[in-house]
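See below for the structure under consideration.
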Amino acid sequence: MNLSRHPTSHTTVYQQIAAELEQELRSGYRCGDYLPPEQQLAERFQVNRHTLRRAVDELVDRGWLQRRQGVGTLVLMRPYDYPLHSQARFSQNLLDQGSHPTSERLLAVLRPATDHVAAALSRQEGDTVIHLRTLRRVNGVPVCVIDHYLPDLDWWPALQNFHNGSLHDFIRQEIKQKLSRRTTRINARRALAKESKLLEIVPQAPLLCVRTLNICEGSDSVAEYSVSLTRADMIELTMEH
């Protein structure tokens with residue numbers, strides 16, 4: 001790339017390089033990747049290493065990159081912002097941030113409710129509930145795996161036809177029920193082997209465990225209990241008051 005050697009009075013060459021590298025970090029890199037060597041980048045942008053280093057320093061200062069002595073420049077990536085309020089919608093929120101979220105169904109079964117699921121849904125332990133498991137990706141990168149538990153067995157015929165996209169959109173369109181968040185509880189734990197494989201992370205990586213109760217609008221009864229295991233390096237939760 002041949003950058004202009006006559007930048008505007010407000011933008012220097014190294015700032016132009018930093019801006020282009022930031023766009024590449026957003027679209028072409030994952031957290032944990034490394035940038036090419038500085039000499040290689042300097043040759044690509046046709047600048048000296050000092051100018052290239054200033055561009056990289058700009059991204060280090062802004063939290064995109066981290067220098068690792070003797071190893072290289074590590075891509076950190078900034079987490080996606082996800083607000084928590086009653087009408088929060090994961091997919092729409094990320095679309096608004098310029099990302100491309102997807103969701104796929106991994107599991108759909110009827111099963112007896114365990115004690116903690118039964119308690120959340122105000123059912124008896126052993127009562128049959130619908131259990132769906134979904135995997136969400138953002139720009140192709142796995143972000144969270146979610147277990148959804150739904151007590152209304154009348155929804156089962158329709159939910160067997162859910163395969164991808166937003167589960168809540170599907171419920172609103174096919175079952176004619178709009179869900180809203182009633183309570184959210186958050187804690188942290190380390191990823192187990194199966195979770196690490198699904199989320200493509202190293203074993204024992206930190207996860208946010210988000211437990212949510214959703215109700216049908218106009219009703220106070222719980223329609224869904226979900227347990228989301230989310231990569232802590234990919235999502236930043238915002239509490240709105």
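Convention: chains lettered A, B, ... in structure tokens order; per-chain residue numbering from 1; ligands numbered from 1 as shown.
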Problem - Residues flagged helix (DSSP H, G or I) by DSSP in segment 16-178 of chain A, as an MDAnalysis selection string - result: chainID A and resid 16:28 38:45 49:61 90:96 115:121 153:159 167:175
Please provide the set of residues having any atom within 6 Å of Arg133 of chain A, restricted to only C-alpha atoms, with same-chain residues fewer than 3 positions apart removed, written as a short mmCIF file (atom, residue, chain, number, x, y, z; two decimals) with C-alpha atoms, in the first residue's frame.
```cif
data_model
loop_
_atom_site.label_atom_id
_atom_site.label_comp_id
_atom_site.auth_asym_id
_atom_site.auth_seq_id
_atom_site.Cartn_x
_atom_site.Cartn_y
_atom_site.Cartn_z
CA ARG A 105 -29.37 -24.91 17.33
CA LEU A 106 -27.20 -27.68 18.76
CA LEU A 107 -29.85 -29.58 20.72
CA ILE A 146 -26.82 -21.13 25.78
CA ASP A 147 -29.10 -23.69 27.38
#
```
Problem - Residue contacts of Glu104 of chain A (7 Å, only C-alpha atoms) excluding same-chain residues fewer than 5 positions away, as number ranges by chain - result: A: 134-136, 163-165
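For Lys176 of chain A, the residues within 12 Å (counting only C-alpha atoms, excluding itself and residues fewer than 4 positions away along the chain) are A:Trp155, A:Ala158, A:His168, A:Asp169, A:Phe170, A:Ile171, A:Arg172, A:Cys216, A:Glu217.
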Using only C-alpha atoms, which residues sit within 7 Å of segment 108-125 of chain A once same-chain residues fewer than 5 positions away are excluded, as a PDB file with all heavy atoms, in the first residue's frame?
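What ended up in out-v3.pdb:
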```
ATOM      1  N   ILE A 130     -38.907 -28.374  27.924  1.00  0.00           N
ATOM      2  CA  ILE A 130     -38.218 -28.287  26.635  1.00  0.00           C
ATOM      3  C   ILE A 130     -36.807 -27.772  26.889  1.00  0.00           C
ATOM      4  O   ILE A 130     -36.608 -26.791  27.609  1.00  0.00           O
ATOM      5  CB  ILE A 130     -38.955 -27.330  25.685  1.00  0.00           C
ATOM      6  CG1 ILE A 130     -40.393 -27.802  25.461  1.00  0.00           C
ATOM      7  CG2 ILE A 130     -38.205 -27.204  24.362  1.00  0.00           C
ATOM      8  CD1 ILE A 130     -41.277 -26.755  24.793  1.00  0.00           C
ATOM      9  N   HIS A 131     -35.824 -28.438  26.297  1.00  0.00           N
ATOM     10  CA  HIS A 131     -34.423 -28.022  26.450  1.00  0.00           C
ATOM     11  C   HIS A 131     -33.830 -27.798  25.059  1.00  0.00           C
ATOM     12  O   HIS A 131     -33.723 -28.733  24.264  1.00  0.00           O
ATOM     13  CB  HIS A 131     -33.627 -29.090  27.203  1.00  0.00           C
ATOM     14  CG  HIS A 131     -32.173 -28.759  27.367  1.00  0.00           C
ATOM     15  ND1 HIS A 131     -31.224 -29.698  27.692  1.00  0.00           N
ATOM     16  CD2 HIS A 131     -31.500 -27.573  27.260  1.00  0.00           C
ATOM     17  CE1 HIS A 131     -30.045 -29.122  27.763  1.00  0.00           C
ATOM     18  NE2 HIS A 131     -30.188 -27.832  27.515  1.00  0.00           N
ATOM     19  N   LEU A 132     -33.470 -26.560  24.793  1.00  0.00           N
ATOM     20  CA  LEU A 132     -32.762 -26.200  23.561  1.00  0.00           C
ATOM     21  C   LEU A 132     -31.362 -25.729  23.925  1.00  0.00           C
ATOM     22  O   LEU A 132     -31.162 -25.097  24.962  1.00  0.00           O
ATOM     23  CB  LEU A 132     -33.477 -25.071  22.813  1.00  0.00           C
ATOM     24  CG  LEU A 132     -34.939 -25.273  22.426  1.00  0.00           C
ATOM     25  CD1 LEU A 132     -35.456 -24.026  21.735  1.00  0.00           C
ATOM     26  CD2 LEU A 132     -35.118 -26.483  21.542  1.00  0.00           C
ATOM     27  N   ARG A 133     -30.411 -26.022  23.077  1.00  0.00           N
ATOM     28  CA  ARG A 133     -29.053 -25.480  23.246  1.00  0.00           C
ATOM     29  C   ARG A 133     -28.664 -24.787  21.952  1.00  0.00           C
ATOM     30  O   ARG A 133     -28.822 -25.343  20.864  1.00  0.00           O
ATOM     31  CB  ARG A 133     -28.045 -26.573  23.581  1.00  0.00           C
ATOM     32  CG  ARG A 133     -26.601 -26.038  23.772  1.00  0.00           C
ATOM     33  CD  ARG A 133     -25.670 -27.139  24.242  1.00  0.00           C
ATOM     34  NE  ARG A 133     -26.075 -27.598  25.569  1.00  0.00           N
ATOM     35  CZ  ARG A 133     -26.019 -28.880  25.957  1.00  0.00           C
ATOM     36  NH1 ARG A 133     -25.605 -29.812  25.119  1.00  0.00           N
ATOM     37  NH2 ARG A 133     -26.389 -29.212  27.185  1.00  0.00           N
ATOM     38  N   PRO A 151     -41.004 -24.269  29.920  1.00  0.00           N
ATOM     39  CA  PRO A 151     -41.925 -25.189  30.584  1.00  0.00           C
ATOM     40  C   PRO A 151     -43.197 -25.507  29.808  1.00  0.00           C
ATOM     41  O   PRO A 151     -43.872 -26.498  30.108  1.00  0.00           O
ATOM     42  CB  PRO A 151     -42.264 -24.456  31.877  1.00  0.00           C
ATOM     43  CG  PRO A 151     -42.194 -23.008  31.493  1.00  0.00           C
ATOM     44  CD  PRO A 151     -41.078 -22.908  30.485  1.00  0.00           C
ATOM     45  N   GLN A 160     -39.546 -27.455  17.527  1.00  0.00           N
ATOM     46  CA  GLN A 160     -38.765 -28.454  16.802  1.00  0.00           C
ATOM     47  C   GLN A 160     -38.349 -27.949  15.424  1.00  0.00           C
ATOM     48  O   GLN A 160     -37.418 -28.477  14.816  1.00  0.00           O
ATOM     49  CB  GLN A 160     -39.569 -29.751  16.662  1.00  0.00           C
ATOM     50  CG  GLN A 160     -39.759 -30.488  17.981  1.00  0.00           C
ATOM     51  CD  GLN A 160     -40.592 -31.745  17.804  1.00  0.00           C
ATOM     52  OE1 GLN A 160     -40.105 -32.746  17.278  1.00  0.00           O
ATOM     53  NE2 GLN A 160     -41.848 -31.691  18.223  1.00  0.00           N
ATOM     54  N   VAL A 222     -43.072 -17.454  34.335  1.00  0.00           N
ATOM     55  CA  VAL A 222     -41.806 -17.610  33.625  1.00  0.00           C
ATOM     56  C   VAL A 222     -42.006 -18.458  32.369  1.00  0.00           C
ATOM     57  O   VAL A 222     -42.567 -19.554  32.424  1.00  0.00           O
ATOM     58  CB  VAL A 222     -40.743 -18.256  34.537  1.00  0.00           C
ATOM     59  CG1 VAL A 222     -39.461 -18.507  33.759  1.00  0.00           C
ATOM     60  CG2 VAL A 222     -40.472 -17.359  35.736  1.00  0.00           C
ATOM     61  N   TYR A 225     -36.133 -20.097  31.066  1.00  0.00           N
ATOM     62  CA  TYR A 225     -34.959 -19.942  31.921  1.00  0.00           C
ATOM     63  C   TYR A 225     -33.767 -20.292  31.064  1.00  0.00           C
ATOM     64  O   TYR A 225     -33.711 -21.366  30.464  1.00  0.00           O
ATOM     65  CB  TYR A 225     -35.055 -20.883  33.118  1.00  0.00           C
ATOM     66  CG  TYR A 225     -33.793 -20.991  33.957  1.00  0.00           C
ATOM     67  CD1 TYR A 225     -33.191 -19.872  34.516  1.00  0.00           C
ATOM     68  CD2 TYR A 225     -33.203 -22.241  34.199  1.00  0.00           C
ATOM     69  CE1 TYR A 225     -32.044 -19.974  35.285  1.00  0.00           C
ATOM     70  CE2 TYR A 225     -32.066 -22.358  34.975  1.00  0.00           C
ATOM     71  CZ  TYR A 225     -31.494 -21.219  35.518  1.00  0.00           C
ATOM     72  OH  TYR A 225     -30.349 -21.331  36.284  1.00  0.00           O
TER      73      TYR A 225
END
```
Handout entry: Contacts of segment 34-42 of chain A at 9 Å (only C-alpha atoms; same-chain gap of 2+ positions) as a count of residues only
Key = 21
